[in-house]
$ cat final-v3.txt   # compact mmCIF, C-alpha atoms (C1' of nucleotides) and all ligand atoms
# COMPACT_ATOMS: atom_id res chain seq x y z
CA MET A 91 -0.08 40.65 -16.61
CA PRO A 92 0.52 39.16 -13.18
CA THR A 93 3.95 38.95 -11.60
CA TYR A 94 4.90 36.57 -8.82
CA SER A 95 7.48 38.85 -7.21
CA ASP A 96 5.69 39.48 -3.94
CA ASN A 97 3.43 36.50 -4.16
CA GLY A 98 5.33 33.71 -2.39
CA PRO A 99 8.04 31.59 -3.93
CA ASP A 100 8.56 31.51 -7.68
CA PRO A 101 6.28 28.70 -8.90
CA SER A 102 8.92 27.35 -11.25
CA GLU A 103 11.08 26.85 -8.19
CA GLN A 104 8.32 25.13 -6.27
CA ASP A 105 8.80 22.02 -8.36
CA THR A 106 12.52 21.62 -8.30
CA ASN A 107 13.06 22.29 -4.61
CA LEU A 108 12.60 19.67 -1.96
CA PRO A 109 10.25 20.44 0.92
CA PRO A 110 11.86 20.70 4.39
CA PRO A 111 12.69 17.26 5.81
CA GLU A 112 9.92 17.18 8.44
CA GLN A 113 7.22 18.09 5.91
CA HIS A 114 8.67 15.58 3.48
CA ALA A 115 8.53 12.90 6.18
CA ARG A 116 4.90 13.74 6.90
CA GLN A 117 4.04 13.09 3.25
CA TYR A 118 5.37 9.56 3.40
CA ALA A 119 3.83 9.00 6.84
CA ALA A 120 0.43 9.92 5.41
CA VAL A 121 0.89 7.33 2.67
CA ARG A 122 1.84 4.67 5.23
CA ASP A 123 -1.23 5.55 7.30
CA ALA A 124 -3.47 5.20 4.26
CA HIS A 125 -2.02 1.81 3.45
CA GLU A 126 -2.78 0.56 6.95
CA THR A 127 -6.53 1.01 6.56
CA GLU A 128 -6.82 0.55 2.82
CA LEU A 129 -7.45 -3.19 2.60
CA ILE A 130 -9.83 -3.16 5.56
CA GLU A 131 -11.88 -0.46 3.88
CA ASP A 132 -12.00 -2.33 0.59
CA TYR A 133 -13.17 -5.53 2.28
CA VAL A 134 -15.85 -3.72 4.24
CA GLU A 135 -16.98 -1.81 1.17
CA LEU A 136 -17.12 -5.01 -0.87
CA ILE A 137 -19.08 -6.87 1.80
CA GLY A 138 -21.55 -4.00 1.90
CA ASP A 139 -21.89 -4.09 -1.88
CA LEU A 140 -22.45 -7.84 -1.89
CA LEU A 141 -25.07 -7.59 0.84
CA ASP A 142 -26.88 -4.92 -1.16
CA HIS A 143 -26.62 -6.52 -4.58
CA ALA A 144 -26.52 -10.25 -3.92
CA GLY A 145 -28.38 -10.33 -0.60
CA GLU A 146 -25.52 -12.09 1.16
CA ALA A 147 -21.75 -11.99 1.39
CA ARG A 148 -20.12 -15.41 1.11
CA ALA A 149 -16.39 -16.01 1.48
CA THR A 150 -16.21 -17.57 -2.00
CA ASP A 151 -17.62 -14.49 -3.67
CA ILE A 152 -15.36 -12.19 -1.70
CA ALA A 153 -12.35 -14.28 -2.71
CA ALA A 154 -13.40 -14.26 -6.38
CA ARG A 155 -13.91 -10.50 -6.46
CA MET A 156 -10.78 -9.73 -4.46
CA GLY A 157 -8.76 -12.09 -6.63
CA VAL A 158 -7.25 -13.89 -3.63
CA ARG A 159 -7.56 -17.36 -2.07
CA GLN A 160 -10.27 -18.27 0.37
CA ALA A 161 -7.75 -18.87 3.12
CA THR A 162 -6.69 -15.25 2.75
CA VAL A 163 -10.29 -14.10 3.02
CA ALA A 164 -10.96 -16.31 6.04
CA ARG A 165 -8.15 -14.72 8.01
CA MET A 166 -9.19 -11.23 6.97
CA ILE A 167 -12.77 -11.92 8.09
CA ARG A 168 -11.44 -12.90 11.50
CA ARG A 169 -9.54 -9.61 11.62
CA LEU A 170 -12.65 -7.63 10.64
CA ASN A 171 -14.54 -9.46 13.38
CA ASP A 172 -11.80 -8.66 15.91
CA GLN A 173 -12.13 -5.01 14.96
CA GLY A 174 -15.88 -5.05 15.43
CA LEU A 175 -16.67 -4.42 11.76
CA VAL A 176 -18.47 -7.67 10.90
CA THR A 177 -20.34 -10.47 12.63
CA ASN A 178 -19.96 -14.02 11.41
CA GLU A 179 -20.66 -17.53 12.56
CA PRO A 180 -18.80 -20.59 11.24
CA TYR A 181 -19.94 -21.71 7.81
CA ARG A 182 -22.46 -18.88 7.57
CA SER A 183 -22.67 -15.66 5.57
CA ILE A 184 -21.03 -12.46 6.81
CA PHE A 185 -22.83 -9.35 8.06
CA LEU A 186 -21.74 -5.82 8.88
CA THR A 187 -21.99 -4.32 12.34
CA GLU A 188 -23.22 -0.77 12.80
CA ARG A 189 -19.62 0.43 12.62
CA GLY A 190 -19.04 -1.74 9.58
CA ARG A 191 -22.02 -0.29 7.82
CA ALA A 192 -20.80 3.23 8.56
CA MET A 193 -17.36 2.46 7.15
CA ALA A 194 -18.85 0.79 4.08
CA GLU A 195 -21.03 3.81 3.41
CA GLU A 196 -18.11 6.22 3.83
CA SER A 197 -15.92 4.19 1.50
CA ARG A 198 -18.64 3.71 -1.07
CA LYS A 199 -19.27 7.44 -1.18
CA ARG A 200 -15.61 8.41 -1.44
CA HIS A 201 -14.94 5.73 -4.04
CA GLY A 202 -17.88 7.04 -6.05
CA VAL A 203 -16.68 10.63 -5.98
CA VAL A 204 -13.24 9.65 -7.26
CA LEU A 205 -14.66 7.37 -9.94
CA GLN A 206 -17.10 9.98 -11.22
CA PHE A 207 -14.40 12.59 -11.16
CA LEU A 208 -12.12 10.49 -13.35
CA ARG A 209 -15.00 9.80 -15.73
CA SER A 210 -15.88 13.45 -16.01
CA LEU A 211 -12.21 14.21 -16.72
CA GLY A 212 -12.62 11.99 -19.77
CA VAL A 213 -11.06 8.74 -18.58
CA ASP A 214 -12.71 5.60 -19.99
CA ASP A 215 -14.74 3.51 -17.60
CA ALA A 216 -12.46 0.48 -17.23
CA THR A 217 -9.37 2.62 -16.63
CA ALA A 218 -11.25 4.93 -14.29
CA ARG A 219 -12.35 1.95 -12.20
CA ILE A 220 -8.80 0.64 -11.87
CA ASP A 221 -7.29 4.02 -11.03
CA ALA A 222 -10.08 4.92 -8.61
CA GLU A 223 -9.60 1.72 -6.66
CA GLY A 224 -6.09 2.75 -5.72
CA MET A 225 -6.41 6.52 -5.68
CA GLU A 226 -9.43 6.67 -3.40
CA HIS A 227 -7.35 5.90 -0.31
CA HIS A 228 -4.91 8.73 -0.95
CA VAL A 229 -7.35 11.56 -1.53
CA SER A 230 -7.76 14.06 1.31
CA GLU A 231 -11.11 15.55 2.28
CA THR A 232 -9.98 18.81 0.74
CA THR A 233 -9.22 17.26 -2.61
CA LEU A 234 -12.34 15.11 -2.45
CA GLY A 235 -14.47 18.24 -2.10
CA ILE A 236 -12.77 19.85 -5.07
CA MET A 237 -13.23 16.73 -7.17
CA HIS A 238 -16.89 16.57 -6.27
CA ALA A 239 -17.42 20.21 -7.21
CA PHE A 240 -15.59 19.70 -10.49
CA THR A 241 -17.73 16.70 -11.39
CA ARG A 242 -20.93 18.56 -10.62
CA SER A 243 -19.93 21.52 -12.75
CA GLN A 244 -18.96 19.23 -15.64
CA ASN A 245 -22.22 17.34 -15.52
CA LYS A 246 -24.21 20.56 -15.33
CA ALA A 247 -22.40 21.90 -18.38
CA GLY A 248 -23.01 18.74 -20.41
CA ASP A 249 -26.70 17.98 -19.82
CA MET B 150 -34.25 16.75 -22.11
CA PRO B 151 -31.87 13.92 -23.00
CA THR B 152 -32.78 10.27 -22.74
CA TYR B 153 -30.30 7.46 -22.27
CA SER B 154 -32.45 4.76 -23.80
CA ASP B 155 -30.23 3.74 -26.71
CA ASN B 156 -27.02 5.12 -25.37
CA GLY B 157 -25.50 2.24 -23.43
CA PRO B 158 -26.35 1.47 -19.84
CA ASP B 159 -28.19 4.06 -17.80
CA PRO B 160 -25.39 6.07 -16.15
CA SER B 161 -27.18 6.15 -12.82
CA GLU B 162 -27.01 2.38 -12.93
CA GLN B 163 -23.32 2.34 -13.75
CA ASP B 164 -22.51 3.39 -10.19
CA THR B 165 -24.74 1.07 -8.26
CA ASN B 166 -23.92 -2.08 -10.18
CA LEU B 167 -20.89 -4.19 -9.46
CA PRO B 168 -18.53 -5.02 -12.32
CA PRO B 169 -18.25 -8.69 -13.29
CA PRO B 170 -16.12 -10.65 -10.80
CA GLU B 171 -13.07 -11.07 -13.06
CA GLN B 172 -12.90 -7.36 -13.89
CA HIS B 173 -13.44 -6.54 -10.24
CA ALA B 174 -10.57 -8.86 -9.31
CA ARG B 175 -8.31 -7.17 -11.87
CA GLN B 176 -8.94 -3.82 -10.17
CA TYR B 177 -7.63 -5.06 -6.85
CA ALA B 178 -4.77 -6.92 -8.53
CA ALA B 179 -3.67 -3.67 -10.14
CA VAL B 180 -3.62 -2.00 -6.72
CA ARG B 181 -1.55 -4.85 -5.27
CA ASP B 182 0.90 -4.58 -8.18
CA ALA B 183 1.27 -0.84 -7.64
CA HIS B 184 1.98 -1.37 -3.96
CA GLU B 185 4.76 -3.80 -4.76
CA THR B 186 6.81 -1.20 -6.60
CA GLU B 187 5.62 1.90 -4.78
CA LEU B 188 8.21 2.09 -2.01
CA ILE B 189 11.07 1.18 -4.31
CA GLU B 190 10.11 4.00 -6.64
CA ASP B 191 9.85 6.50 -3.81
CA TYR B 192 13.30 5.57 -2.51
CA VAL B 193 14.88 5.78 -5.93
CA GLU B 194 13.16 9.08 -6.65
CA LEU B 195 14.29 10.50 -3.30
CA ILE B 196 17.87 9.36 -3.81
CA GLY B 197 17.87 11.05 -7.20
CA ASP B 198 16.50 14.24 -5.70
CA LEU B 199 19.11 14.21 -2.94
CA LEU B 200 21.90 13.64 -5.44
CA ASP B 201 20.66 16.59 -7.50
CA HIS B 202 19.96 19.00 -4.67
CA ALA B 203 22.42 18.04 -1.93
CA GLY B 204 25.14 16.52 -4.11
CA GLU B 205 25.04 13.25 -2.18
CA ALA B 206 22.54 10.80 -0.73
CA ARG B 207 23.39 9.71 2.81
CA ALA B 208 21.41 7.13 4.73
CA THR B 209 20.72 9.64 7.53
CA ASP B 210 19.10 12.11 5.19
CA ILE B 211 17.04 9.42 3.51
CA ALA B 212 15.85 8.23 6.92
CA ALA B 213 14.95 11.77 8.01
CA ARG B 214 12.99 12.50 4.84
CA MET B 215 11.30 9.11 4.75
CA GLY B 216 10.41 9.39 8.42
CA VAL B 217 11.78 5.94 9.25
CA ARG B 218 14.74 4.55 11.19
CA GLN B 219 18.17 4.17 9.70
CA ALA B 220 18.02 0.42 10.11
CA THR B 221 14.99 0.41 7.85
CA VAL B 222 16.85 2.46 5.26
CA ALA B 223 19.94 0.25 5.44
CA ARG B 224 17.94 -2.85 4.59
CA MET B 225 16.11 -1.06 1.78
CA ILE B 226 19.43 0.10 0.29
CA ARG B 227 20.60 -3.49 0.23
CA ARG B 228 17.42 -4.42 -1.62
CA LEU B 229 17.87 -1.59 -4.13
CA ASN B 230 21.43 -2.80 -4.65
CA ASP B 231 20.22 -6.38 -5.15
CA GLN B 232 17.83 -5.10 -7.79
CA GLY B 233 20.58 -3.22 -9.58
CA LEU B 234 19.14 0.23 -8.90
CA VAL B 235 21.93 1.69 -6.74
CA THR B 236 25.60 1.18 -6.08
CA ASN B 237 26.94 1.58 -2.58
CA GLU B 238 30.03 0.76 -0.60
CA PRO B 239 30.07 0.39 3.18
CA TYR B 240 30.00 3.70 5.04
CA ARG B 241 29.85 5.68 1.81
CA SER B 242 27.20 7.68 0.03
CA ILE B 243 24.71 6.02 -2.32
CA PHE B 244 24.60 6.38 -6.10
CA LEU B 245 22.12 5.43 -8.79
CA THR B 246 22.91 2.96 -11.55
CA GLU B 247 21.80 3.66 -15.09
CA ARG B 248 18.58 1.76 -14.41
CA GLY B 249 18.15 3.62 -11.14
CA ARG B 250 18.54 6.96 -12.87
CA ALA B 251 15.94 5.96 -15.43
CA MET B 252 13.48 4.95 -12.74
CA ALA B 253 14.15 8.13 -10.76
CA GLU B 254 13.52 10.25 -13.83
CA GLU B 255 10.29 8.40 -14.65
CA SER B 256 9.05 8.74 -11.10
CA ARG B 257 10.02 12.37 -10.81
CA LYS B 258 8.17 13.19 -13.99
CA ARG B 259 5.02 11.29 -13.08
CA HIS B 260 5.04 12.73 -9.57
CA GLY B 261 5.35 16.21 -11.03
CA VAL B 262 2.41 15.75 -13.38
CA VAL B 263 0.14 14.62 -10.56
CA LEU B 264 1.30 17.39 -8.22
CA GLN B 265 0.81 20.11 -10.82
CA PHE B 266 -2.55 18.68 -11.73
CA LEU B 267 -3.77 18.86 -8.15
CA ARG B 268 -2.47 22.40 -7.84
CA SER B 269 -4.19 23.51 -11.00
CA LEU B 270 -7.40 21.94 -9.71
CA GLY B 271 -7.14 24.39 -6.82
CA VAL B 272 -5.70 22.19 -4.08
CA ASP B 273 -3.34 24.00 -1.70
CA ASP B 274 0.34 23.14 -1.95
CA ALA B 275 0.78 21.17 1.29
CA THR B 276 -2.31 19.05 0.68
CA ALA B 277 -1.41 18.54 -2.97
CA ARG B 278 2.01 17.26 -1.97
CA ILE B 279 0.56 14.76 0.49
CA ASP B 280 -2.10 13.49 -1.91
CA ALA B 281 0.29 13.33 -4.86
CA GLU B 282 2.75 11.20 -2.89
CA GLY B 283 0.18 8.43 -2.62
CA MET B 284 -1.88 8.96 -5.77
CA GLU B 285 1.04 8.97 -8.20
CA HIS B 286 1.46 5.19 -7.97
CA HIS B 287 -2.14 4.50 -8.90
CA VAL B 288 -2.46 6.70 -11.97
CA SER B 289 -2.43 4.93 -15.33
CA GLU B 290 -0.66 6.31 -18.37
CA THR B 291 -4.05 7.17 -19.81
CA THR B 292 -5.09 9.21 -16.81
CA LEU B 293 -1.65 10.76 -16.54
CA GLY B 294 -1.95 12.07 -20.08
CA ILE B 295 -5.34 13.55 -19.38
CA MET B 296 -4.07 15.19 -16.20
CA HIS B 297 -1.15 16.68 -18.06
CA ALA B 298 -3.38 18.09 -20.77
CA PHE B 299 -5.74 19.54 -18.17
CA THR B 300 -2.89 21.25 -16.35
CA ARG B 301 -1.54 22.76 -19.55
CA SER B 302 -4.93 24.12 -20.55
CA GLN B 303 -5.45 25.61 -17.10
CA ASN B 304 -2.07 27.29 -17.06
CA LYS B 305 -2.58 28.63 -20.56
CA ALA B 306 -5.93 30.11 -19.54
CA GLY B 307 -4.50 31.80 -16.43
CA ASP B 308 -1.28 33.41 -17.70
C1' DA C 199 46.53 10.48 20.30
C1' DA C 200 42.59 9.67 22.82
C1' DA C 201 38.01 10.36 23.69
C1' DC C 202 33.65 11.36 22.27
C1' DT C 203 29.87 11.68 18.84
C1' DT C 204 27.63 10.51 14.77
C1' DT C 205 26.74 7.36 11.17
C1' DT C 206 26.25 2.87 9.42
C1' DT C 207 25.54 -1.89 9.79
C1' DT C 208 23.80 -6.19 11.69
C1' DA C 209 20.79 -9.19 14.31
C1' DG C 210 16.46 -10.29 15.68
C1' DC C 211 11.33 -9.12 16.83
C1' DC C 212 6.66 -8.26 15.04
C1' DA C 213 2.34 -7.68 12.11
C1' DA C 214 0.32 -7.78 7.58
C1' DG C 215 -0.98 -10.11 3.63
C1' DG C 216 -0.11 -13.29 0.11
C1' DC C 217 0.22 -18.59 -0.59
C1' DT C 218 -0.56 -24.22 -0.26
C1' DA C 219 -2.18 -28.29 1.91
C1' DA C 220 -5.22 -30.61 4.67
C1' DA C 221 -9.12 -31.07 7.75
C1' DC C 222 -13.73 -30.13 8.57
C1' DT C 223 -18.78 -28.88 7.68
C1' DG C 224 -22.96 -28.62 5.10
C1' DT C 225 -25.86 -29.47 1.04
C1' DG C 226 -27.83 -31.69 -2.71
C1' DC C 227 -28.59 -35.77 -5.20
C1' DA C 228 -28.53 -40.86 -6.29
C1' DT D 159 -30.17 -42.61 3.78
C1' DG D 160 -25.78 -42.10 2.44
C1' DC D 161 -22.16 -39.95 -0.27
C1' DA D 162 -19.85 -36.75 -3.11
C1' DC D 163 -18.72 -32.16 -3.77
C1' DA D 164 -18.57 -27.42 -2.67
C1' DG D 165 -17.53 -24.19 0.78
C1' DT D 166 -15.00 -23.05 5.03
C1' DT D 167 -11.51 -23.21 8.37
C1' DT D 168 -6.97 -24.08 10.27
C1' DA D 169 -2.01 -24.74 10.21
C1' DG D 170 2.09 -23.34 8.61
C1' DC D 171 5.23 -21.14 4.99
C1' DC D 172 7.14 -16.81 2.81
C1' DT D 173 8.19 -11.76 1.90
C1' DT D 174 7.75 -7.02 3.09
C1' DG D 175 8.50 -3.19 5.93
C1' DG D 176 8.21 -1.25 10.29
C1' DC D 177 10.85 -1.42 14.96
C1' DT D 178 14.88 -1.75 18.95
C1' DA D 179 19.39 -2.80 20.53
C1' DA D 180 24.04 -3.36 19.99
C1' DA D 181 28.41 -3.50 17.41
C1' DA D 182 31.51 -1.38 14.22
C1' DA D 183 33.36 2.36 11.47
C1' DA D 184 34.11 7.20 10.57
C1' DG D 185 34.56 11.80 11.85
C1' DT D 186 35.36 15.60 15.31
C1' DT D 187 37.19 17.75 19.30
C1' DT D 188 40.24 18.47 22.82
MN MN A 401 -13.08 0.84 -2.98
MN MN A 402 -9.72 0.69 -2.96
MN MN A 403 5.03 8.26 -3.75
MN MN A 404 -1.22 3.12 -2.38
$ encode --input "final-v3.txt" --output "structure tokens"
Amino acid sequence: MPTYSDNGPDPSEQDTNLPPPEQHARQYAAVRDAHETELIEDYVELIGDLLDHAGEARATDIAARMGVRQATVARMIRRLNDQGLVTNEPYRSIFLTERGRAMAEESRKRHGVVLQFLRSLGVDDATARIDAEGMEHHVSETTLGIMHAFTRSQNKAGD
Amino acid sequence: MPTYSDNGPDPSEQDTNLPPPEQHARQYAAVRDAHETELIEDYVELIGDLLDHAGEARATDIAARMGVRQATVARMIRRLNDQGLVTNEPYRSIFLTERGRAMAEESRKRHGVVLQFLRSLGVDDATARIDAEGMEHHVSETTLGIMHAFTRSQNKAGD
DNA sequence: AAACTTTTTTAGCCAAGGCTAAACTGTGCA
DNA sequence: TGCACAGTTTAGCCTTGGCTAAAAAAGTTT
């Protein structure tokens, strides 16, 4: 029977106490950082998916899948171009740069790990897809590794 | 050796195929919805925590823990007041309304479930806190329930 | 009591990310 | 060939959530 006496703080206390202010602030700062890159990553990932599955990435399709207006997409494409993630010429389809492809691949992989993890936890597909879309940007490398390992062990057990 | 022939779509295909455009759009819409309420919830939750642990919630402390400037906090407090979540008088401490208390309690609970879940997955405390701060807003009720059940079963197994 | 310090508030700047409306381009069909 | 329609771009509006700077109130010290 384990005791926690000389094993760090009492775990029941760990929940009710606030972390020190600086650590607390770093938590929120990490969330703000994630939100800065989140949309960019989703656009790049989506463009990569469209290129792979539909052969080309048109603004109309991006708008339909993002659920926003074309004007919104047009401005975002300009921003992606400014950041060196896509190449595009007026009235033509959009392509990823080398950097864009790398980001798309990264995002696709991370998104997949989170989605599979939720599925192997027992979450239904539609819900898992919704939750993964938001969660993926807030999962650290550490947690991602643990999720991946968990998924693998689950799938091994159930084959 | 299992076959997937009459068992729905081939699971290996489930990852590489895009969902239909309308479903895809709903995923991103859900993320946008979550982001609309996210900050509000974090403020209300933090104010509740400060009231419980420090006895009062001062703008300075909120700013320090949020990692933002006081001017930013001041404007957010006005917004919370407009939304009927807090009461505040000039140069005095901030209090939660009935609705505010309810939201704080909700958020606190949900945050706790996600944090405990990550811990029981094996994520270290500091990382779990950072990830939970962002993930909590993107976890559906369905997934939350599954996380809670998982945590309970883990803790039962390890006592 | 006066002076100084801290806290709070207000005003105004900026970028991001939604929107509508209108102009422009390109394509396909009569 | 010409024209209509679909797709794209641009201009300009709005809200959110950061920021700085400066004014005003409250609290503390001498
Ligand atoms: Mn994604
Ligand atoms: Mn996403
Ligand atoms: Mn949070
Ligand atoms: Mn988020």
$ interface_residues --input "final-v3.txt" --of "chain B" --to "chain D" --cutoff "12 Å" --atoms "only C-alpha atoms (C1' of nucleotides)" --output "PyMOL selection string"
chain B and resi 184-186+188-189+216-225+228+239-241
$ write_last_selection --input "final-v3.txt" --atoms "C-alpha atoms" --output "CSV table (one decimal), keeping the file's coordinate frame"
chain,number,residue,atom,x,y,z
B,184,HIS,CA,2.0,-1.4,-4.0
B,185,GLU,CA,4.8,-3.8,-4.8
B,186,THR,CA,6.8,-1.2,-6.6
B,188,LEU,CA,8.2,2.1,-2.0
B,189,ILE,CA,11.1,1.2,-4.3
B,216,GLY,CA,10.4,9.4,8.4
B,217,VAL,CA,11.8,5.9,9.2
B,218,ARG,CA,14.7,4.6,11.2
B,219,GLN,CA,18.2,4.2,9.7
B,220,ALA,CA,18.0,0.4,10.1
B,221,THR,CA,15.0,0.4,7.8
B,222,VAL,CA,16.8,2.5,5.3
B,223,ALA,CA,19.9,0.2,5.4
B,224,ARG,CA,17.9,-2.8,4.6
B,225,MET,CA,16.1,-1.1,1.8
B,228,ARG,CA,17.4,-4.4,-1.6
B,239,PRO,CA,30.1,0.4,3.2
B,240,TYR,CA,30.0,3.7,5.0
B,241,ARG,CA,29.8,5.7,1.8
$ closest_residue --input "final-v3.txt" --among "B:Ala206, B:Ala251, B:Val235, B:Val288" --to "chain A" --atoms "only C-alpha atoms"
B:Val288
$ calpha_fit_rmsd --input "final-v3.txt" --fixed "chain B" --moving "chain A"
0.5 Å
$ residues_near_ligand --input "final-v3.txt" --ligand "ligand MN 403 (chain A)" --cutoff "8 Å" --atoms "only C-alpha atoms (C1' of nucleotides) and all ligand atoms" --output "PyMOL selection string"
(chain A and resi 118+121) or (chain B and resi 187-188+190-191+260+281-286)
$ interface_residues --input "final-v3.txt" --of "chain C" --to "chain A" --cutoff "12 Å" --atoms "only C-alpha atoms (C1' of nucleotides)" --output "list in words"
DA213, DA214, DG215, DG216, DC217, DT218, DA219, DC222, DT223, DG224 and DT225 of chain C
$ write_last_selection --input "final-v3.txt" --atoms "C-alpha atoms (C1' of nucleotides)" --output "PDB file, keeping the file's coordinate frame"
ATOM      1  C1'  DA C 213       2.340  -7.680  12.110  1.00  0.00           C
ATOM      2  C1'  DA C 214       0.320  -7.780   7.580  1.00  0.00           C
ATOM      3  C1'  DG C 215      -0.980 -10.110   3.630  1.00  0.00           C
ATOM      4  C1'  DG C 216      -0.110 -13.290   0.110  1.00  0.00           C
ATOM      5  C1'  DC C 217       0.220 -18.590  -0.590  1.00  0.00           C
ATOM      6  C1'  DT C 218      -0.560 -24.220  -0.260  1.00  0.00           C
ATOM      7  C1'  DA C 219      -2.180 -28.290   1.910  1.00  0.00           C
ATOM      8  C1'  DC C 222     -13.730 -30.130   8.570  1.00  0.00           C
ATOM      9  C1'  DT C 223     -18.780 -28.880   7.680  1.00  0.00           C
ATOM     10  C1'  DG C 224     -22.960 -28.620   5.100  1.00  0.00           C
ATOM     11  C1'  DT C 225     -25.860 -29.470   1.040  1.00  0.00           C
TER      12       DT C 225
END
$ interface_residues --input "final-v3.txt" --of "chain A" --to "chain B" --cutoff "8 Å" --atoms "only C-alpha atoms" --output "ChimeraX atom specification"
/A:91-92,105,107-108,111-112,114-121,139,143,154-157,202,208,211-213,217-225,228-230,232-233,236,249
$ atom_distance --input "final-v3.txt" --atom1 "CA of Ala194 (chain A)" --atom2 "CA of Gly174 (chain A)"
13.1 Å
$ axis_aligned_box --input "final-v3.txt" --around "region 168-184 of chain D" --padding-each-side "8 Å" --output "JSON"
{"center_x": 13.6, "center_y": -8.8, "center_z": 11.2, "size_x": 57.1, "size_y": 47.9, "size_z": 34.6}
$ atom_distance --input "final-v3.txt" --atom1 "CA of Phe244 (chain B)" --atom2 "CA of Lys258 (chain B)"
19.5 Å
$ closest_residue --input "final-v3.txt" --among "B:Glu255, B:Tyr192, B:Asp182, B:Gln232" --to "ligand MN 404 (chain A)" --atoms "all atoms listed in the file"
B:Asp182
$ atom_distance --input "final-v3.txt" --atom1 "CA of Ser242 (chain B)" --atom2 "C1' of DA200 (chain C)"
27.6 Å
$ closest_residue --input "final-v3.txt" --among "A:Glu135, A:Glu146, A:Asp172, A:Glu188" --to "ligand MN 401 (chain A)" --atoms "only C-alpha atoms and all ligand atoms"
A:Glu135
$ closest_residue --input "final-v3.txt" --among "A:Ser197, A:Asn171, A:Thr241, A:Thr177" --to "ligand MN 402 (chain A)" --atoms "only C-alpha atoms and all ligand atoms"
A:Ser197
